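Structure data (mmCIF, C-alpha atoms) from start.cif:
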```
data_coords
#
loop_
_atom_site.label_atom_id
_atom_site.label_comp_id
_atom_site.auth_asym_id
_atom_site.auth_seq_id
_atom_site.Cartn_x
_atom_site.Cartn_y
_atom_site.Cartn_z
CA MET A 1 0.00 0.00 0.00
CA THR A 2 1.48 3.34 -1.03
CA SER A 3 1.04 6.39 1.12
CA GLU A 4 0.41 8.63 -1.94
CA SER A 5 -2.62 6.61 -3.08
CA SER A 6 -4.26 6.70 0.36
CA ILE A 7 -3.80 10.43 1.05
CA PRO A 8 -7.01 11.64 -0.71
CA PHE A 9 -9.13 9.01 1.01
CA GLU A 10 -7.58 9.84 4.38
CA ARG A 11 -8.69 13.43 3.85
CA TYR A 12 -12.23 12.20 3.22
CA ASP A 13 -12.00 10.17 6.42
CA GLU A 14 -10.78 13.17 8.43
CA GLU A 15 -13.56 15.36 7.03
CA PHE A 16 -16.17 12.74 7.94
CA LEU A 17 -14.83 12.52 11.50
CA SER A 18 -15.05 16.30 11.73
CA LEU A 19 -18.67 16.27 10.54
CA THR A 20 -19.69 13.52 12.95
CA SER A 21 -18.02 15.40 15.78
CA GLN A 22 -20.02 18.52 14.90
CA ILE A 23 -23.23 16.47 14.73
CA LYS A 24 -22.62 14.97 18.16
CA SER A 25 -21.82 18.39 19.58
CA THR A 26 -25.02 19.84 18.10
CA ILE A 27 -27.12 16.96 19.41
CA SER A 28 -25.65 17.33 22.88
CA LYS A 29 -26.94 20.91 23.00
CA VAL A 30 -30.54 19.71 22.67
CA ASP A 31 -32.06 19.48 26.13
CA ILE A 32 -35.66 18.31 25.82
CA GLU A 33 -36.48 19.10 29.44
CA THR A 34 -35.08 22.62 29.86
CA SER A 35 -34.45 24.23 26.45
CA THR A 36 -37.13 26.03 24.48
CA THR A 37 -38.76 24.37 21.49
CA SER A 38 -37.37 26.90 19.02
CA THR A 39 -33.82 26.46 20.30
CA SER A 40 -34.07 22.68 20.11
CA GLU A 41 -35.57 22.85 16.62
CA ASP A 42 -32.72 25.08 15.46
CA SER A 43 -30.16 22.65 16.84
CA LEU A 44 -31.87 19.68 15.25
CA GLN A 45 -32.11 21.49 11.92
CA MET A 46 -28.39 22.20 12.06
CA ALA A 47 -27.74 18.54 12.87
CA GLN A 48 -29.91 17.53 9.92
CA ASN A 49 -27.91 19.78 7.58
CA LEU A 50 -24.67 18.25 8.85
CA LEU A 51 -26.12 14.77 8.29
CA THR A 52 -26.86 15.68 4.68
CA GLN A 53 -23.27 16.84 4.21
CA ALA A 54 -22.01 13.61 5.75
CA LYS A 55 -24.19 11.55 3.36
CA ASP A 56 -22.78 13.41 0.36
CA LEU A 57 -19.27 12.86 1.68
CA ILE A 58 -19.85 9.12 2.09
CA GLN A 59 -21.01 8.94 -1.53
CA GLN A 60 -17.76 10.59 -2.62
CA MET A 61 -15.79 8.18 -0.41
CA SER A 62 -17.58 5.21 -1.97
CA ILE A 63 -16.84 6.44 -5.51
CA GLU A 64 -13.21 7.05 -4.59
CA ALA A 65 -12.87 3.58 -3.04
CA ARG A 66 -14.43 1.77 -6.02
CA GLY A 67 -12.08 3.60 -8.36
CA MET A 68 -9.00 2.05 -6.74
CA THR A 69 -8.49 -0.70 -9.33
CA ASN A 70 -4.70 -0.86 -9.13
CA ASP A 71 -4.44 -1.94 -5.48
CA ARG A 72 -6.96 -4.55 -4.34
CA ASP A 73 -5.87 -4.51 -0.69
CA LEU A 74 -6.15 -0.72 -0.50
CA LYS A 75 -9.57 -0.85 -2.13
CA ASP A 76 -10.86 -3.43 0.35
CA GLU A 77 -9.55 -1.37 3.26
CA CYS A 78 -11.20 1.81 1.99
CA LEU A 79 -14.51 0.05 1.30
CA LYS A 80 -14.42 -1.29 4.86
CA LYS A 81 -13.98 2.28 6.13
CA VAL A 82 -16.96 3.37 4.02
CA ARG A 83 -19.13 0.68 5.60
CA ILE A 84 -18.03 1.75 9.08
CA CYS A 85 -18.81 5.39 8.27
CA LYS A 86 -22.27 4.41 7.00
CA ALA A 87 -22.98 2.53 10.23
CA ASN A 88 -21.87 5.49 12.36
CA LEU A 89 -23.97 7.88 10.28
CA SER A 90 -26.98 5.59 10.62
CA ASN A 91 -26.67 5.70 14.43
CA LEU A 92 -26.50 9.50 14.38
CA GLU A 93 -29.57 9.66 12.14
CA ASP A 94 -31.47 7.48 14.59
CA ASP A 95 -30.44 9.80 17.44
CA VAL A 96 -31.68 12.88 15.56
CA LYS A 97 -34.98 11.16 14.67
CA SER A 98 -35.47 10.16 18.30
CA LEU A 99 -34.92 13.75 19.44
CA HIS A 100 -37.32 14.98 16.77
CA SER A 101 -39.96 12.54 18.02
CA GLN A 102 -39.52 13.62 21.65
CA LEU A 103 -39.65 17.28 20.68
CA ASP A 104 -42.85 16.81 18.66
CA ARG A 105 -44.44 14.96 21.55
CA ILE A 106 -43.62 17.69 24.05
CA ALA A 107 -44.78 20.40 21.65
CA LEU A 108 -48.10 18.63 21.16
CA LEU A 109 -48.66 18.02 24.87
CA ASN A 110 -47.81 21.64 25.70
CA ASN A 111 -50.05 23.09 22.97
CA PRO A 112 -52.56 25.27 24.83
CA SER A 113 -55.09 25.17 21.99
CA SER A 114 -55.61 21.46 22.51
CA SER A 115 -57.08 21.96 25.99
CA GLN A 116 -59.86 24.13 24.55
CA LYS A 117 -61.24 21.41 22.30
CA GLY A 118 -64.17 19.22 23.29
CA GLY A 119 -65.01 21.15 26.48
CA GLY A 120 -63.27 18.65 28.72
CA GLY A 121 -59.72 17.82 29.70
CA GLY A 122 -60.18 14.04 29.34
CA LEU A 123 -61.33 14.30 25.73
CA SER A 124 -58.49 16.65 24.77
CA ASN A 125 -55.97 14.37 26.43
CA ASP A 126 -57.34 11.40 24.49
CA HIS A 127 -57.20 13.41 21.31
CA ARG A 128 -53.61 14.44 21.93
CA GLU A 129 -52.67 10.87 22.78
CA ARG A 130 -54.17 9.61 19.51
CA LEU A 131 -52.26 12.28 17.60
CA LEU A 132 -49.05 11.27 19.35
CA GLN A 133 -49.61 7.62 18.54
CA THR A 134 -50.33 8.47 14.90
CA ASN A 135 -47.21 10.63 14.76
CA GLU A 136 -45.07 7.88 16.28
CA SER A 137 -46.54 5.34 13.86
CA LEU A 138 -45.68 7.58 10.90
CA GLN A 139 -42.16 8.10 12.21
CA ASN A 140 -41.72 4.34 12.66
CA GLN A 141 -42.89 3.79 9.08
CA ASN A 142 -40.46 6.44 7.87
CA SER A 143 -37.66 4.78 9.82
CA THR A 144 -38.57 1.43 8.26
CA LEU A 145 -38.51 2.95 4.78
CA GLU A 146 -35.21 4.65 5.50
CA ASN A 147 -33.70 1.39 6.72
CA ALA A 148 -34.99 -0.34 3.59
CA ARG A 149 -33.39 2.35 1.42
CA ARG A 150 -30.14 1.97 3.35
CA VAL A 151 -30.17 -1.81 2.89
CA MET A 152 -30.88 -1.37 -0.83
CA ALA A 153 -27.99 1.09 -1.15
CA GLU A 154 -25.63 -1.28 0.66
CA THR A 155 -26.85 -4.16 -1.50
CA GLU A 156 -26.22 -2.06 -4.58
CA ASP A 157 -22.69 -1.32 -3.37
CA VAL A 158 -22.05 -5.02 -2.81
CA ALA A 159 -23.50 -5.86 -6.23
CA MET A 160 -21.24 -3.30 -7.89
CA ASP A 161 -18.20 -4.72 -6.07
CA ILE A 162 -19.16 -8.23 -7.17
CA THR A 163 -19.65 -7.04 -10.75
CA GLN A 164 -16.24 -5.40 -10.77
CA GLU A 165 -14.67 -8.52 -9.24
CA LEU A 166 -16.31 -10.70 -11.90
CA ALA A 167 -15.03 -8.37 -14.60
CA ARG A 168 -11.50 -8.64 -13.21
CA ASN A 169 -11.82 -12.43 -12.98
CA ARG A 170 -13.03 -12.55 -16.58
CA GLU A 171 -10.03 -10.53 -17.69
CA THR A 172 -7.77 -12.88 -15.76
CA MET A 173 -9.43 -15.91 -17.32
CA GLU A 174 -9.16 -14.44 -20.82
CA SER A 175 -5.51 -13.68 -20.20
CA ALA A 176 -4.95 -17.24 -18.93
CA ARG A 177 -6.84 -18.60 -21.95
CA GLY A 178 -4.56 -16.59 -24.22
CA ARG A 179 -1.51 -18.02 -22.47
CA VAL A 180 -2.96 -21.52 -22.82
CA ARG A 181 -3.45 -20.92 -26.55
CA ASN A 182 0.14 -19.73 -26.82
CA VAL A 183 1.40 -22.78 -24.93
CA SER A 184 -0.80 -25.01 -27.11
CA GLY A 185 0.68 -23.40 -30.22
CA LEU A 186 4.18 -23.95 -28.91
CA THR A 187 3.30 -27.57 -28.12
CA ASN A 188 1.99 -28.15 -31.63
CA ARG A 189 5.10 -26.57 -33.08
CA ALA A 190 7.32 -28.76 -30.91
CA ARG A 191 5.34 -31.83 -31.96
CA ARG A 192 5.88 -30.97 -35.63
CA VAL A 193 9.58 -30.49 -35.00
CA LEU A 194 9.79 -33.91 -33.31
CA VAL A 195 7.95 -35.57 -36.20
CA SER A 196 10.32 -33.93 -38.65
CA MET A 197 13.32 -35.08 -36.62
CA ARG A 198 11.99 -38.63 -36.54
CA ARG A 199 11.51 -38.59 -40.30
CA ARG A 200 15.05 -37.39 -40.79
CA GLU A 201 16.30 -40.06 -38.41
CA VAL A 202 14.49 -42.76 -40.41
CA GLN A 203 15.84 -41.35 -43.67
CA GLN A 204 19.36 -41.30 -42.25
CA LYS A 205 19.04 -44.92 -41.10
CA MET A 206 17.78 -45.95 -44.51
CA VAL A 207 20.75 -44.23 -46.16
CA VAL A 208 23.17 -45.92 -43.76
CA TYR A 209 21.54 -49.32 -44.35
CA GLY A 210 21.65 -48.73 -48.13
CA VAL A 211 25.32 -47.80 -48.08
CA GLY A 212 26.07 -50.85 -45.95
CA VAL A 213 24.28 -53.16 -48.37
CA VAL A 214 26.09 -51.66 -51.35
CA MET A 215 29.46 -52.01 -49.63
CA ALA A 216 28.66 -55.62 -48.72
CA ILE A 217 27.76 -56.42 -52.33
CA VAL A 218 30.98 -54.78 -53.54
CA VAL A 219 33.06 -56.76 -51.05
CA ILE A 220 31.39 -60.04 -52.01
CA TYR A 221 31.87 -59.31 -55.70
CA MET A 222 35.55 -58.53 -55.20
CA LEU A 223 36.01 -61.76 -53.24
CA THR A 224 34.43 -63.76 -56.01
CA LEU A 225 36.88 -62.31 -58.49
CA LEU A 226 39.79 -63.49 -56.41
#
```
Let's see the structure in the file written out as structure tokens.
Amino acid sequence: MTSESSIPFERYDEEFLSLTSQIKSTISKVDIETSTTSTSEDSLQMAQNLLTQAKDLIQQMSIEARGMTNDRDLKDECLKKVRICKANLSNLEDDVKSLHSQLDRIALLNNPSSSQKGGGGGLSNDHRERLLQTNESLQNQNSTLENARRVMAETEDVAMDITQELARNRETMESARGRVRNVSGLTNRARRVLVSMRRREVQQKMVVYGVGVVMAIVVIYMLTLL
């Protein structure tokens, strides 16, 4: 792993840590019991804006990590960091949503106009309770949808990684197939050379045998003359 190739991603990582630190600091300023509703809403809105920035940054980190095709180990390490950052961001989003839910509940319970409805405190309390339950149900549904979107995004990331890995494996297989074809060509060429050498060897033996026969005939003929 080269230090030059990891420097840009390390900067992304440092920026994400800075954003998460700001989000935690902003959330810690929200005091449901003592602070005013407007102050808490301002803090939560600021936290929401920081969460949006962190999401955009994670997308850039993911693109940067997937683009590291030259160093597989570095790519795996960076993708692991992206997954960790996504998990941390998800926890912070849940914290902000929880604070939003508590703030909405307190605002609804403290709404003076609700006590004037129905002419009785019991009816207004029931009405407020039903509104709170409906609000919580909607927030739970939104959380479920958000979790589903997050799972789909993570699945898409994994699918893209698998696709890229398959593409690299296909290139490796094609390269290996090309080497096999080259080796096969060399083998065929060597086989032809061996066949040619065998033919020459047979021809040479036939020439030697022919010369031997001729010499034997000459010797026998000369002996008969004597």
Go through the shown structure with the PyMOL selection byres ((chain A and resi 97-100) around 12) and write out the matching residues as an MDAnalysis selection string.
chainID A and resid 26:33 37 40:45 47:48 51 90:96 101:107 135:136 138:140 142:143 146
So how far away is CA of Ala65 (chain A) from CA of Leu79 (chain A), in Å?
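About the pair CA of Leu79 (chain A) and CA of Ala65 (chain A): they are 5.8 Å apart.
Between Arg72 (chain A) and the candidates A:Arg168, A:Arg11, A:Lys205, A:Arg179, the tightest atom-to-atom separation, counting only C-alpha atoms, involves A:Arg168.
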- Evaluate the PyMOL selection byres ((chain A and resi 16) around 12) and record the selected residues as a ChimeraX atom specification, following the chain and residue labels used in the document. /A:9-15,17-23,50-61,81-82,84-86,88-89
- prompt: How many Å separate CA of Gly212 (chain A) from CA of Ser196 (chain A)?
  reply: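 Separating CA of Gly212 (chain A) from CA of Ser196 (chain A) is a distance of 24.2 Å.
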For region 82-88 of chain A, I'd like the enclosing box, axis-aligned and padded by 5 Å on every side, reported as lines of an AutoDock Vina configuration file with centre and edge lengths in Å to one decimal.
```
center_x = -20.0
center_y = 3.1
center_z = 8.2
size_x = 16.0
size_y = 14.8
size_z = 18.3
```
